[in-house]
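Single-structure report; data block below.
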Amino acid sequence: MSVLQKLKPGIPKRALFFVASVVWASAAGVLGYKGGMALAHDSPVFTIIALAAGGVFYRLLFARIPERHIHRFHSMPHPTPCLFSFLDWRGYGLMVVMIAIGVLLRTSGILAAPIVGAIYVAMGVPLFLSSLRFTRAGIHYGNADSF
């Protein structure tokens with residue numbers, strides 16, 4: 001066994017679903033908090049529109065992302081994959097790009113704070129719904145109908 005294999009923080013596959021859920025829910029929480037703070041003094045209608053937009057975004061585009069990862073978890077050959085394999089390399093790259101865009105939007109002044117807040121809320125919704133999907137998959141892991 002190589003040194004890297006010995007140092008790898010391996011976890012049971014079932015736990016990987018819950019790690020993904022916590023990470024995605026945490027990101028949703030950060031976006032929801034920052035977005036909510038930016039929208040706190042604006043009309044609640046703007047917040048409702050952002051929440052609805054996030055739901056539509058999840059349903060039309062985003063729902064495939066957790067499903068792809070869930071399928072990848074199930075098909076991993078090793079029973080104790082690396083703790084950090086809740087995302088693939090493409091996912092980590094996309095995460096870096098999305099964080100950079102978020103920081104750019106917030107700090108550049110290109111858009112007004114309430115609009116950035118609405119975007120944050122709208123992005124937080126699909127992340128939160130995805131975290132619920134990971135939780136469900138983890139609970140049902142090992143069942144014949146688990147994915």
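Residues are named by chain letter and number: chains run A, B, ... in the order of the structure tokens, numbers start at 1 in each chain, and ligands are numbered from 1 in the order shown.
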Within 8 Å of region 4-15 of chain A, counting only C-alpha atoms, which residues qualify if same-chain residues fewer than 3 places away don't, as a count of residues only? 13
Close residues, His71 (chain A) itself excluded, 12 Å, only C-alpha atoms, min 5 positions apart in chain, as a PyMOL selection string: chain A and resi 13+17+64-66+76+86-87+134+137-138+141+146-147
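The spacing separating CA of Gly29 (chain A) from CA of Ile115 (chain A) amounts to 17.9 Å.
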I want to know what sits within 12 Å of Leu61 (chain A), based on only C-alpha atoms, with residues of the same chain fewer than 5 positions away left out; could you give that as an MDAnalysis selection string? chainID A and resid 53:56 66:67 123 126:127 130
Write out as a ChimeraX atom specification which residues come within 12 Å of Val103 (chain A) when counting only C-alpha atoms, dropping same-chain ones fewer than 4 positions away. /A:31,34,96-99,107-111,116-117,120
Residues from the last selection, N, CA and C atoms, saved as a PDB file, in the first residue's frame:
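Result saved to again13.pdb:
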ATOM      1  N   LEU A  31     -24.840  31.621   1.070  1.00  0.00           N
ATOM      2  CA  LEU A  31     -25.482  32.438   0.036  1.00  0.00           C
ATOM      3  C   LEU A  31     -26.815  32.994   0.516  1.00  0.00           C
ATOM      4  N   LYS A  34     -26.031  35.861   3.093  1.00  0.00           N
ATOM      5  CA  LYS A  34     -25.525  37.076   2.447  1.00  0.00           C
ATOM      6  C   LYS A  34     -26.596  37.708   1.558  1.00  0.00           C
ATOM      7  N   VAL A  96     -14.833  26.821  -7.876  1.00  0.00           N
ATOM      8  CA  VAL A  96     -13.896  27.946  -7.842  1.00  0.00           C
ATOM      9  C   VAL A  96     -14.403  29.081  -8.737  1.00  0.00           C
ATOM     10  N   VAL A  97     -14.886  28.736  -9.926  1.00  0.00           N
ATOM     11  CA  VAL A  97     -15.404  29.747 -10.847  1.00  0.00           C
ATOM     12  C   VAL A  97     -16.625  30.445 -10.247  1.00  0.00           C
ATOM     13  N   MET A  98     -17.535  29.685  -9.666  1.00  0.00           N
ATOM     14  CA  MET A  98     -18.754  30.268  -9.091  1.00  0.00           C
ATOM     15  C   MET A  98     -18.418  31.177  -7.901  1.00  0.00           C
ATOM     16  N   ILE A  99     -17.483  30.770  -7.068  1.00  0.00           N
ATOM     17  CA  ILE A  99     -17.071  31.623  -5.952  1.00  0.00           C
ATOM     18  C   ILE A  99     -16.452  32.922  -6.479  1.00  0.00           C
ATOM     19  N   THR A 107     -18.197  42.632  -4.971  1.00  0.00           N
ATOM     20  CA  THR A 107     -17.201  43.669  -4.690  1.00  0.00           C
ATOM     21  C   THR A 107     -17.024  44.695  -5.804  1.00  0.00           C
ATOM     22  N   SER A 108     -17.470  44.392  -7.003  1.00  0.00           N
ATOM     23  CA  SER A 108     -17.199  45.275  -8.137  1.00  0.00           C
ATOM     24  C   SER A 108     -18.141  46.461  -8.229  1.00  0.00           C
ATOM     25  N   GLY A 109     -19.329  46.331  -7.693  1.00  0.00           N
ATOM     26  CA  GLY A 109     -20.308  47.405  -7.832  1.00  0.00           C
ATOM     27  C   GLY A 109     -20.982  47.416  -9.185  1.00  0.00           C
ATOM     28  N   ILE A 110     -20.761  46.384  -9.999  1.00  0.00           N
ATOM     29  CA  ILE A 110     -21.398  46.290 -11.315  1.00  0.00           C
ATOM     30  C   ILE A 110     -22.916  46.276 -11.164  1.00  0.00           C
ATOM     31  N   LEU A 111     -23.389  45.539 -10.162  1.00  0.00           N
ATOM     32  CA  LEU A 111     -24.821  45.432  -9.898  1.00  0.00           C
ATOM     33  C   LEU A 111     -25.118  45.985  -8.512  1.00  0.00           C
ATOM     34  N   VAL A 116     -27.566  41.649  -6.441  1.00  0.00           N
ATOM     35  CA  VAL A 116     -26.594  40.612  -6.062  1.00  0.00           C
ATOM     36  C   VAL A 116     -27.205  39.723  -4.984  1.00  0.00           C
ATOM     37  N   GLY A 117     -27.895  40.324  -4.027  1.00  0.00           N
ATOM     38  CA  GLY A 117     -28.562  39.548  -2.985  1.00  0.00           C
ATOM     39  C   GLY A 117     -29.587  38.588  -3.571  1.00  0.00           C
ATOM     40  N   TYR A 120     -27.758  35.729  -5.127  1.00  0.00           N
ATOM     41  CA  TYR A 120     -27.270  34.825  -4.082  1.00  0.00           C
ATOM     42  C   TYR A 120     -28.395  33.933  -3.567  1.00  0.00           C
TER      43      TYR A 120
END
What's around Leu51 (chain A) at 8 Å? Count only C-alpha atoms, leave out sequence neighbours fewer than 3 positions away in its own chain, and write the answer as a ChimeraX atom specification. /A:47-48,54-55,121-122,125
Prev. selection, C-alpha atoms, output as a short mmCIF file (atom, residue, chain, number, x, y, z; two decimals), in the first residue's frame:
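Printed below is again.cif as written:
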data_model
loop_
_atom_site.label_atom_id
_atom_site.label_comp_id
_atom_site.auth_asym_id
_atom_site.auth_seq_id
_atom_site.Cartn_x
_atom_site.Cartn_y
_atom_site.Cartn_z
CA THR A 47 -37.09 37.94 -2.08
CA ILE A 48 -40.07 35.81 -3.14
CA GLY A 54 -34.03 29.46 -7.53
CA GLY A 55 -36.70 26.74 -7.55
CA VAL A 121 -30.68 33.72 -2.81
CA ALA A 122 -31.60 32.31 -6.21
CA VAL A 125 -32.11 27.51 -3.30
#
Please measure the separation of CA of His78 (chain A) and CA of Gly93 (chain A), giving the value in Å to one decimal. 23.6 Å
